[in-house]
>>> print(open('my_file_32.txt').read())   # compact mmCIF, C-alpha atoms and all ligand atoms
# COMPACT_ATOMS: atom_id res chain seq x y z
CA MET A 1 -14.90 -46.53 -27.44
CA GLY A 2 -18.63 -46.00 -27.28
CA ARG A 3 -20.63 -45.64 -24.10
CA LYS A 4 -24.41 -45.58 -24.04
CA TYR A 5 -26.67 -44.65 -21.14
CA ARG A 6 -30.39 -44.26 -20.51
CA LEU A 7 -31.29 -40.59 -20.55
CA TYR A 8 -34.15 -39.13 -18.53
CA PRO A 9 -35.25 -35.75 -19.95
CA THR A 10 -38.18 -33.91 -18.40
CA PRO A 11 -41.37 -33.74 -20.52
CA THR A 12 -40.44 -30.20 -21.61
CA GLN A 13 -36.93 -31.25 -22.56
CA GLU A 14 -38.35 -34.27 -24.37
CA LYS A 15 -40.52 -32.04 -26.52
CA VAL A 16 -37.61 -29.81 -27.48
CA LEU A 17 -35.32 -32.76 -28.17
CA THR A 18 -37.95 -34.28 -30.47
CA GLU A 19 -38.19 -31.01 -32.36
CA TRP A 20 -34.42 -30.76 -32.65
CA GLY A 21 -34.29 -34.35 -33.90
CA HIS A 22 -36.73 -33.57 -36.70
CA SER A 23 -34.93 -30.31 -37.50
CA ALA A 24 -31.59 -32.11 -37.69
CA ARG A 25 -33.14 -34.64 -40.05
CA ALA A 26 -34.67 -31.89 -42.19
CA LEU A 27 -31.30 -30.13 -42.30
CA TRP A 28 -29.63 -33.34 -43.42
CA ASN A 29 -32.11 -33.67 -46.28
CA LEU A 30 -31.71 -30.02 -47.22
CA ALA A 31 -27.92 -30.22 -47.19
CA LEU A 32 -27.95 -33.42 -49.23
CA GLU A 33 -30.22 -31.82 -51.79
CA GLN A 34 -27.95 -28.79 -51.99
CA ARG A 35 -24.88 -30.96 -52.54
CA GLN A 36 -26.61 -32.91 -55.30
CA TYR A 37 -27.88 -29.74 -56.93
CA ALA A 38 -24.47 -28.06 -56.79
CA TYR A 39 -22.87 -31.10 -58.35
CA GLN A 40 -25.45 -31.42 -61.09
CA GLN A 41 -25.60 -27.77 -62.03
CA ARG A 42 -22.03 -26.66 -61.53
CA GLN A 43 -20.01 -29.85 -61.00
CA VAL A 44 -19.02 -28.42 -57.64
CA THR A 45 -18.54 -30.61 -54.59
CA LEU A 46 -19.80 -28.85 -51.50
CA ARG A 47 -18.27 -29.60 -48.12
CA SER A 48 -19.34 -28.83 -44.58
CA VAL A 49 -17.16 -25.72 -44.36
CA GLU A 50 -18.99 -24.03 -47.23
CA GLN A 51 -22.40 -25.32 -46.25
CA GLY A 52 -21.73 -24.19 -42.69
CA LEU A 53 -21.52 -20.60 -43.96
CA HIS A 54 -24.84 -21.04 -45.77
CA LEU A 55 -26.29 -22.45 -42.57
CA THR A 56 -25.19 -19.42 -40.56
CA VAL A 57 -26.97 -17.13 -43.02
CA ALA A 58 -30.07 -19.32 -43.17
CA ARG A 59 -30.32 -19.39 -39.39
CA ARG A 60 -31.05 -15.65 -39.41
CA GLU A 61 -34.15 -16.17 -41.55
CA ILE A 62 -35.54 -19.62 -40.84
CA ALA A 63 -37.08 -20.03 -37.41
CA TRP A 64 -36.74 -23.78 -36.98
CA LEU A 65 -33.09 -23.61 -38.01
CA ALA A 66 -32.46 -20.82 -35.53
CA GLU A 67 -33.93 -22.91 -32.75
CA LEU A 68 -31.62 -25.81 -33.49
CA PRO A 69 -28.31 -25.23 -31.65
CA ALA A 70 -25.64 -24.13 -34.11
CA THR A 71 -23.28 -26.92 -33.09
CA VAL A 72 -25.90 -29.56 -33.88
CA GLY A 73 -26.25 -28.16 -37.38
CA GLN A 74 -22.50 -28.14 -37.89
CA GLN A 75 -22.34 -31.70 -36.63
CA VAL A 76 -24.98 -32.79 -39.18
CA LEU A 77 -22.89 -31.30 -41.98
CA ARG A 78 -19.73 -32.93 -40.65
CA HIS A 79 -21.50 -36.29 -40.60
CA MET A 80 -22.44 -35.73 -44.20
CA ASP A 81 -18.79 -35.15 -45.08
CA LEU A 82 -18.03 -38.47 -43.47
CA ALA A 83 -20.90 -40.17 -45.29
CA PHE A 84 -19.55 -38.99 -48.64
CA ASP A 85 -15.96 -39.85 -47.70
CA ASN A 86 -17.04 -43.37 -46.84
CA PHE A 87 -18.97 -43.67 -50.06
CA PHE A 88 -15.95 -42.64 -52.14
CA ASN A 89 -13.62 -44.86 -50.13
CA ALA A 90 -13.37 -48.03 -52.18
CA SER A 91 -12.48 -50.07 -49.10
CA HIS A 92 -15.57 -48.94 -47.19
CA PRO A 93 -18.90 -50.66 -47.73
CA ALA A 94 -21.05 -47.55 -47.32
CA GLY A 95 -23.52 -46.69 -50.05
CA TYR A 96 -24.57 -43.30 -51.34
CA PRO A 97 -25.92 -41.00 -48.57
CA GLN A 98 -29.69 -41.23 -48.38
CA PHE A 99 -32.50 -38.86 -47.53
CA LYS A 100 -34.03 -39.49 -44.12
CA LYS A 101 -37.73 -40.10 -43.84
CA ARG A 102 -39.95 -39.01 -41.02
CA GLY A 103 -39.81 -42.36 -39.27
CA HIS A 104 -36.02 -42.25 -39.12
CA LYS A 105 -34.44 -42.63 -35.72
CA LEU A 106 -34.32 -39.35 -33.83
CA LYS A 107 -30.77 -38.21 -33.27
CA VAL A 108 -29.14 -35.04 -32.02
CA SER A 109 -25.33 -34.93 -32.01
CA PHE A 110 -22.98 -32.58 -30.21
CA PRO A 111 -19.22 -32.25 -30.41
CA GLY A 112 -17.53 -33.20 -27.13
CA GLN A 113 -16.26 -29.73 -26.24
CA LYS A 114 -19.81 -28.31 -26.32
CA VAL A 115 -21.17 -30.56 -23.61
CA LYS A 116 -20.44 -30.76 -19.93
CA ILE A 117 -20.84 -33.80 -17.73
CA ARG A 118 -20.98 -34.01 -13.97
CA LYS A 119 -21.54 -36.87 -11.60
CA LEU A 120 -24.45 -36.60 -9.17
CA SER A 121 -24.06 -39.79 -7.25
CA ARG A 122 -22.67 -43.27 -7.66
CA ARG A 123 -25.45 -44.12 -10.11
CA TRP A 124 -26.53 -40.83 -11.61
CA ALA A 125 -24.90 -38.16 -13.73
CA GLU A 126 -25.97 -35.15 -15.76
CA ILE A 127 -25.10 -33.82 -19.17
CA CYS A 128 -25.33 -30.13 -20.00
CA ILE A 129 -26.15 -29.40 -23.62
CA PRO A 130 -26.34 -26.04 -25.42
CA LYS A 131 -29.65 -24.16 -25.26
CA MET A 132 -31.18 -26.69 -22.89
CA GLY A 133 -29.18 -27.22 -19.74
CA TRP A 134 -28.79 -30.29 -17.58
CA ILE A 135 -30.38 -33.66 -18.33
CA ARG A 136 -29.97 -36.63 -16.02
CA PHE A 137 -28.73 -39.98 -17.16
CA ARG A 138 -28.23 -43.31 -15.42
CA LEU A 139 -24.53 -43.91 -14.95
CA SER A 140 -24.64 -47.68 -15.47
CA ARG A 141 -20.90 -47.84 -16.04
CA ALA A 142 -17.92 -45.54 -15.75
CA LEU A 143 -17.21 -43.20 -18.64
CA GLY A 144 -13.50 -43.85 -18.40
CA GLY A 145 -12.06 -41.25 -20.73
CA VAL A 146 -12.38 -37.94 -22.50
CA VAL A 147 -15.70 -37.33 -24.24
CA ARG A 148 -15.20 -36.67 -27.95
CA ASN A 149 -18.85 -36.44 -28.94
CA ALA A 150 -22.31 -36.96 -27.50
CA THR A 151 -25.41 -38.16 -29.33
CA ILE A 152 -28.90 -38.12 -27.91
CA SER A 153 -31.28 -40.59 -29.53
CA LYS A 154 -34.64 -42.21 -29.00
CA ASP A 155 -35.81 -45.74 -29.59
CA GLY A 156 -38.72 -47.91 -28.51
CA VAL A 157 -37.45 -48.12 -24.95
CA GLY A 158 -36.83 -44.42 -24.45
CA TRP A 159 -34.11 -41.82 -24.67
CA HIS A 160 -30.42 -42.58 -24.67
CA VAL A 161 -27.21 -40.66 -24.70
CA SER A 162 -24.11 -42.18 -26.22
CA PHE A 163 -20.60 -40.85 -25.95
CA GLY A 164 -17.61 -41.37 -28.12
CA VAL A 165 -14.87 -41.66 -25.52
CA ALA A 166 -11.12 -41.52 -25.99
CA THR A 167 -10.00 -44.02 -23.37
CA GLY A 168 -6.33 -44.02 -24.25
CA VAL A 169 -6.31 -47.79 -23.79
CA LYS A 170 -3.41 -49.46 -25.54
CA PRO A 171 -3.95 -52.82 -27.25
CA LEU A 172 -2.79 -55.68 -25.05
CA PRO A 173 0.22 -57.84 -25.96
CA PRO A 174 -0.58 -61.07 -27.84
CA VAL A 175 -2.58 -63.57 -25.80
CA ASP A 176 -0.55 -66.64 -24.89
CA LYS A 177 -3.40 -69.11 -25.23
CA PRO A 178 -4.43 -71.67 -27.81
CA GLY A 179 -6.69 -70.50 -30.59
CA CYS A 180 -10.09 -71.76 -31.62
CA GLY A 181 -12.41 -72.02 -34.56
CA VAL A 182 -15.99 -70.84 -34.35
CA ASP A 183 -18.92 -71.96 -36.42
CA PHE A 184 -21.73 -69.44 -36.20
CA GLY A 185 -25.24 -70.80 -36.36
CA VAL A 186 -27.98 -69.10 -38.28
CA ALA A 187 -29.02 -66.56 -35.70
CA ALA A 188 -28.81 -67.76 -32.15
CA SER A 189 -25.83 -69.93 -31.55
CA ALA A 190 -22.12 -70.40 -31.92
CA TYR A 191 -20.07 -73.57 -31.67
CA VAL A 192 -16.49 -73.16 -30.44
CA SER A 193 -14.12 -75.91 -31.53
CA THR A 194 -12.65 -76.34 -28.04
CA GLU A 195 -16.02 -76.85 -26.37
CA ASP A 196 -18.40 -79.78 -26.40
CA ARG A 197 -21.68 -77.93 -26.62
CA PRO A 198 -22.90 -74.93 -28.59
CA ARG A 199 -23.36 -71.51 -27.02
CA GLN A 200 -27.03 -70.86 -27.38
CA MET A 201 -28.46 -67.41 -27.18
CA PRO A 202 -30.98 -67.33 -24.32
CA ALA A 203 -34.56 -66.63 -25.33
CA SER A 204 -34.73 -62.95 -26.13
CA LEU A 205 -38.33 -62.66 -24.91
CA SER A 206 -40.00 -64.23 -21.91
CA THR A 207 -43.18 -66.27 -22.35
CA THR A 208 -45.32 -63.40 -21.08
CA GLU A 209 -43.56 -60.93 -23.35
CA LYS A 210 -44.13 -63.20 -26.32
CA ALA A 211 -47.80 -63.51 -25.49
CA ARG A 212 -48.08 -59.75 -25.03
CA LEU A 213 -46.34 -59.11 -28.33
CA LYS A 214 -48.74 -61.43 -30.13
CA HIS A 215 -51.70 -59.74 -28.48
CA LEU A 216 -50.39 -56.29 -29.44
CA GLU A 217 -49.74 -57.34 -33.03
CA GLN A 218 -53.33 -58.53 -33.33
CA LYS A 219 -54.58 -55.34 -31.75
CA LYS A 220 -52.52 -53.30 -34.19
CA ALA A 221 -53.93 -55.24 -37.13
CA ARG A 222 -57.47 -54.68 -35.88
CA GLN A 223 -56.93 -50.98 -35.31
CA THR A 224 -55.25 -50.53 -38.68
CA THR A 225 -58.18 -52.16 -40.45
CA TYR A 226 -60.56 -49.91 -38.55
CA ALA A 227 -58.54 -46.83 -39.44
CA LYS A 228 -58.59 -47.76 -43.13
CA LYS A 229 -62.31 -48.44 -43.13
CA HIS A 230 -63.65 -45.58 -41.06
CA GLN A 231 -61.01 -42.87 -40.83
CA GLY A 232 -59.57 -42.76 -44.29
CA GLY A 233 -56.38 -44.46 -43.15
CA GLN A 234 -55.62 -41.90 -40.48
CA TYR A 235 -53.99 -43.42 -37.42
CA SER A 236 -55.80 -42.96 -34.15
CA LYS A 237 -54.07 -42.08 -30.91
CA ARG A 238 -54.74 -45.60 -29.64
CA LEU A 239 -53.14 -47.15 -32.71
CA ARG A 240 -50.08 -45.00 -32.24
CA LYS A 241 -49.90 -46.14 -28.65
CA THR A 242 -50.10 -49.79 -29.71
CA ILE A 243 -47.31 -49.24 -32.22
CA ALA A 244 -45.15 -47.65 -29.52
CA GLN A 245 -45.81 -50.59 -27.19
CA ILE A 246 -44.74 -53.05 -29.88
CA ALA A 247 -41.64 -50.98 -30.60
CA LYS A 248 -40.72 -51.11 -26.93
CA ILE A 249 -40.80 -54.89 -26.77
CA ARG A 250 -38.87 -55.15 -30.02
CA ALA A 251 -36.25 -52.71 -28.78
CA LYS A 252 -35.82 -54.74 -25.60
CA GLN A 253 -35.43 -57.88 -27.66
CA ALA A 254 -32.81 -56.24 -29.84
CA CYS A 255 -31.00 -55.10 -26.73
CA ARG A 256 -30.79 -58.63 -25.35
CA ARG A 257 -29.53 -59.99 -28.66
CA ARG A 258 -26.87 -57.33 -28.78
CA ASP A 259 -25.88 -58.20 -25.25
CA PHE A 260 -25.40 -61.84 -26.17
CA THR A 261 -23.31 -60.98 -29.23
CA HIS A 262 -21.09 -58.60 -27.28
CA LYS A 263 -20.47 -61.07 -24.47
CA LEU A 264 -19.72 -63.83 -26.95
CA THR A 265 -17.25 -61.82 -29.01
CA THR A 266 -15.53 -60.36 -25.95
CA GLU A 267 -15.04 -63.81 -24.45
CA LEU A 268 -13.70 -65.18 -27.71
CA ALA A 269 -11.25 -62.34 -28.22
CA LYS A 270 -10.08 -62.28 -24.61
CA ASN A 271 -9.34 -65.94 -24.09
CA HIS A 272 -7.94 -67.23 -27.37
CA GLY A 273 -4.64 -66.72 -29.15
CA TYR A 274 -6.51 -66.55 -32.43
CA VAL A 275 -10.13 -66.81 -33.43
CA GLY A 276 -10.89 -68.58 -36.66
CA ILE A 277 -14.12 -67.75 -38.45
CA GLU A 278 -15.55 -68.41 -41.86
CA ASP A 279 -14.84 -65.72 -44.40
CA LEU A 280 -18.37 -65.24 -45.60
CA ARG A 281 -19.43 -62.65 -48.05
CA VAL A 282 -20.19 -60.17 -45.36
CA LYS A 283 -21.15 -57.39 -47.69
CA ASN A 284 -24.04 -59.30 -49.17
CA MET A 285 -25.28 -60.33 -45.79
CA THR A 286 -25.22 -56.88 -44.28
CA LYS A 287 -26.92 -55.39 -47.28
CA SER A 288 -30.21 -55.23 -45.46
CA ALA A 289 -28.59 -54.73 -42.08
CA ARG A 290 -27.29 -51.29 -42.72
CA GLY A 291 -29.84 -49.77 -40.40
CA SER A 292 -28.33 -51.65 -37.52
CA VAL A 293 -25.08 -49.76 -37.74
CA LYS A 294 -25.05 -47.09 -35.11
CA ASN A 295 -23.20 -44.40 -36.94
CA PRO A 296 -25.58 -41.71 -38.13
CA GLY A 297 -25.44 -40.86 -41.76
CA MET A 298 -22.99 -43.53 -42.66
CA ARG A 299 -25.38 -46.20 -43.75
CA VAL A 300 -28.73 -44.66 -43.56
CA LYS A 301 -30.84 -47.26 -45.32
CA ALA A 302 -32.68 -47.92 -42.11
CA LYS A 303 -34.85 -50.96 -42.09
CA ALA A 304 -37.87 -51.83 -40.01
CA GLY A 305 -37.38 -52.51 -36.33
CA LEU A 306 -38.12 -56.18 -36.79
CA ASN A 307 -35.39 -56.58 -39.35
CA ARG A 308 -32.98 -54.73 -37.16
CA SER A 309 -33.60 -56.90 -34.13
CA ILE A 310 -32.82 -60.04 -36.08
CA LEU A 311 -29.78 -58.56 -37.66
CA ASP A 312 -28.27 -57.32 -34.42
CA ASN A 313 -26.78 -60.74 -34.22
CA CYS A 314 -25.86 -61.17 -37.87
CA PRO A 315 -22.51 -62.65 -38.95
CA GLY A 316 -21.31 -59.30 -40.24
CA GLU A 317 -21.89 -57.67 -36.88
CA ARG A 318 -20.18 -60.51 -35.00
CA ARG A 319 -17.22 -60.20 -37.28
CA ARG A 320 -17.06 -56.44 -36.94
CA GLN A 321 -16.97 -56.81 -33.17
CA LEU A 322 -14.39 -59.57 -33.29
CA GLU A 323 -12.19 -57.41 -35.46
CA TYR A 324 -11.82 -54.56 -33.03
CA LYS A 325 -11.95 -56.69 -29.91
CA CYS A 326 -9.25 -59.07 -31.10
CA ARG A 327 -7.05 -56.07 -31.77
CA LEU A 328 -7.80 -54.72 -28.32
CA TYR A 329 -7.22 -57.92 -26.38
CA GLY A 330 -4.12 -59.04 -28.26
CA SER A 331 -5.80 -61.87 -30.08
CA GLU A 332 -5.83 -62.46 -33.82
CA LEU A 333 -8.85 -62.84 -36.05
CA ARG A 334 -8.32 -65.32 -38.85
CA ALA A 335 -10.96 -65.52 -41.54
CA VAL A 336 -10.67 -68.76 -43.44
CA PRO A 337 -12.30 -69.81 -46.71
CA ALA A 338 -15.78 -71.05 -45.93
CA ILE A 339 -15.91 -73.57 -48.71
CA HIS A 340 -16.80 -77.13 -47.68
CA THR A 341 -16.25 -76.58 -43.95
CA SER A 342 -19.46 -78.46 -43.21
CA VAL A 343 -18.57 -81.52 -45.27
CA THR A 344 -14.88 -81.86 -44.42
CA CYS A 345 -13.96 -84.57 -41.96
CA GLY A 346 -12.63 -83.14 -38.70
CA ASN A 347 -10.51 -86.19 -38.00
CA PRO A 348 -6.94 -84.90 -38.52
CA ALA A 349 -5.84 -88.27 -39.92
CA CYS A 350 -8.58 -88.19 -42.54
CA GLY A 351 -9.78 -84.72 -43.56
CA LYS A 352 -11.64 -85.99 -46.60
CA VAL A 353 -14.22 -83.79 -48.25
CA ASP A 354 -17.39 -85.67 -49.04
CA PRO A 355 -21.00 -84.42 -49.02
CA GLU A 356 -22.02 -88.01 -48.29
CA SER A 357 -20.68 -87.59 -44.77
CA ARG A 358 -23.38 -85.07 -44.03
CA LYS A 359 -26.57 -86.98 -44.78
CA GLY A 360 -29.89 -85.15 -44.59
CA CYS A 361 -30.37 -82.14 -42.39
CA GLY A 362 -29.49 -83.96 -39.17
CA ARG A 363 -27.04 -82.60 -36.65
CA LEU A 364 -24.77 -85.59 -37.10
CA PHE A 365 -21.61 -85.71 -39.13
CA ALA A 366 -20.48 -89.23 -39.98
CA CYS A 367 -17.45 -89.59 -42.21
CA VAL A 368 -17.97 -92.22 -44.91
CA HIS A 369 -14.19 -92.74 -45.21
CA CYS A 370 -12.97 -93.22 -41.66
CA GLY A 371 -16.16 -93.61 -39.66
CA PHE A 372 -15.47 -90.52 -37.54
CA GLU A 373 -18.63 -89.15 -35.93
CA ASP A 374 -19.31 -85.73 -34.44
CA ASP A 375 -21.90 -83.02 -34.10
CA ALA A 376 -22.03 -81.39 -37.53
CA ASP A 377 -21.52 -77.84 -36.23
CA HIS A 378 -18.69 -78.88 -33.93
CA ASN A 379 -17.06 -80.70 -36.81
CA ALA A 380 -17.28 -77.52 -38.87
CA ALA A 381 -15.77 -75.50 -36.00
CA VAL A 382 -12.86 -77.97 -35.77
CA GLU A 383 -12.29 -77.68 -39.50
CA ILE A 384 -12.35 -73.88 -39.28
CA ASP A 385 -9.84 -74.06 -36.43
CA ALA A 386 -7.60 -76.35 -38.49
CA ARG A 387 -7.70 -73.97 -41.42
CA ALA A 388 -7.01 -70.99 -39.19
CA ARG A 389 -4.03 -72.79 -37.63
CA ARG A 390 -2.59 -73.62 -41.03
CA GLY A 391 -3.01 -69.99 -41.94
CA THR A 392 -2.64 -70.54 -45.64
CA PRO A 393 -5.88 -70.94 -47.51
CA PRO A 394 -6.31 -73.92 -49.84
CA THR A 395 -5.49 -73.13 -53.43
CA ARG A 396 -9.14 -72.88 -54.38
CA ALA A 397 -9.67 -70.01 -52.00
CA ARG A 398 -8.70 -67.24 -54.38
CA ARG A 399 -11.16 -68.29 -56.99
CA THR A 400 -14.03 -68.77 -54.60
CA GLY A 401 -13.59 -65.35 -53.12
CA GLY A 402 -12.08 -66.34 -49.79
CA SER A 403 -9.28 -64.33 -48.27
CA VAL A 404 -7.13 -64.37 -45.19
CA ASN A 405 -7.37 -60.66 -44.90
CA ASN A 406 -8.87 -59.77 -41.53
CA SER A 407 -11.14 -57.09 -42.78
CA THR A 408 -14.83 -56.86 -43.45
CA HIS A 409 -14.15 -54.05 -45.83
CA ARG A 410 -13.73 -54.53 -49.49
CA ARG A 411 -10.14 -55.04 -50.54
CA LEU A 412 -8.55 -51.78 -51.46
CA THR A 413 -8.26 -51.72 -55.19
CA ALA A 414 -6.55 -48.81 -56.86
CA SER A 415 -9.51 -47.00 -58.32
CA SER A 416 -8.82 -44.56 -61.08
CA PRO A 417 -10.39 -41.09 -61.07
CA GLY A 418 -12.50 -42.36 -63.95
CA SER A 419 -14.07 -45.09 -61.89
CA ILE A 420 -14.80 -42.65 -59.07
CA ARG A 421 -16.55 -40.36 -61.52
CA ARG A 422 -18.54 -43.29 -62.83
CA ARG A 423 -19.57 -44.34 -59.35
CA MET A 424 -20.66 -40.82 -58.55
CA ARG A 425 -22.64 -40.51 -61.79
CA GLU A 426 -24.39 -43.79 -61.11
CA ALA A 427 -25.21 -42.81 -57.59
CA GLN A 428 -26.46 -39.40 -58.61
CA THR A 429 -28.81 -40.82 -61.19
CA ALA A 430 -29.92 -43.49 -58.75
CA ALA A 431 -30.66 -40.86 -56.15
CA PHE A 432 -32.84 -38.90 -58.52
CA GLU A 433 -34.86 -41.79 -59.87
ZN ZN B 1 -12.93 -89.02 -42.07
>>> encode(input="my_file_32.txt", output="structure tokens", more="lines below")
Ligand SMILES: [Zn+2]
Amino acid sequence: MGRKYRLYPTPTQEKVLTEWGHSARALWNLALEQRQYAYQQRQVTLRSVEQGLHLTVARREIAWLAELPATVGQQVLRHMDLAFDNFFNASHPAGYPQFKKRGHKLKVSFPGQKVKIRKLSRRWAEICIPKMGWIRFRLSRALGGVVRNATISKDGVGWHVSFGVATGVKPLPPVDKPGCGVDFGVAASAYVSTEDRPRQMPASLSTTEKARLKHLEQKKARQTTYAKKHQGGQYSKRLRKTIAQIAKIRAKQACRRRDFTHKLTTELAKNHGYVGIEDLRVKNMTKSARGSVKNPGMRVKAKAGLNRSILDNCPGERRRQLEYKCRLYGSELRAVPAIHTSVTCGNPACGKVDPESRKGCGRLFACVHCGFEDDADHNAAVEIDARARRGTPPTRARRTGGSVNNSTHRRLTASSPGSIRRRMREAQTAAFE
């Protein structure tokens, strides 16, 4: 389980953490380059164990490496092992590990046994990290387990520390409640088949925040134009400040969206025997959302903050959450073929598929065969529920790519060593282009 808290480093600590973050990123790039070089020149696959030895030697000579705590460096290399493992795992959607640019999210990771945590009061705690000492964090919820790793990161709002915690919680026995079907709206809503109105995501920004964001965007545009015209494109301190202010609002917005998604998926998983969802082509949809995944180094194609904030609530993310939460709460996630759910009549006695029933872009579904009328999204949710209850996909499902497999990951196909070599070759050439 992951736990994330606001971290409050002192200005001195902040400076050092920023430096470490950049060093860790530089080390990642260096290590990736070394692995690619070793493979190209000698067809050797380097792993963290071997690179760790190189790192130990390099730390004696390179100052910025020596300043970075040794465990952080080791952790970077371990993450790279994982990134490559995921890439070569045919059932994992991860792409080839990428180099990290300067603007990449600052992250410093420690293994759990290298950090100490102590509680200060009901609301405050401290973490002790190597070469730095104690940093306070806001204990907004109980840790509830053994810390396996700790990652310090920074976003528009400020610093955070997140822990991987082994809670030892066993999955609950199957929920003895009726199931439901859910039709997810484009970005901000979900319609549950057993309810009579959609669950709308509350506005992620207040009116004043929206106005402020607009004002800041205009200010940024003005300052950027000025910088281009008079300073040869060099950003002024004021422009940087404006950018940080925008990032802060965006980060808040993303936070609220995430909150909505988590509450929605938890509620669904907790209170339903099964949850039926459409089996959409998640991989295509998360293609540009890879930056929203929290694991460092796993999918490092980070996108702009704006993108990320929208995609925090994307179908792939909702499904990912439902997958582990359903397992945890004893519910069952059933992905049903998405084909024609919006034009199938929800009336159990009818069930005819006809695009005519869904005239125009209106919210109304009116069956042309039996006269059944319903909200279009609710009708779709009912149809999804019906398909989930039946369990077996219609015969067309196979051909259209649907599956009842409850996994976002690609189906595990037996890949021959040849195909792995081909994938690696392709990726290597792609990385060098
Ligand atoms: Zn009908």
>>> residues_near_ligand(input="my_file_32.txt", ligand="ligand ZN 1 (chain B)", cutoff="8 Å", atoms="all atoms listed in the file", output="number ranges by chain")
A: 344-347, 349-352, 366-372
>>> atom_distance(input="my_file_32.txt", atom1="CA of Asp85 (chain A)", atom2="CA of Cys326 (chain A)")
26.3 Å
>>> closest_residue(input="my_file_32.txt", among="A:His160, A:Lys237, A:His378, A:Lys114", to="Val147 (chain A)", atoms="only C-alpha atoms")
A:Lys114
>>> axis_aligned_box(input="my_file_32.txt", around="region 138-151 of chain A", padding_each_side="6 Å", output="AutoDock Vina command-line options")
--center_x -20.1 --center_y -42.1 --center_z -22.1 --size_x 28.2 --size_y 23.4 --size_z 26.4
>>> closest_residue(input="my_file_32.txt", among="A:Glu267, A:Ala70, A:Leu328, A:His262", to="Gly168 (chain A)", atoms="all atoms listed in the file")
A:Leu328
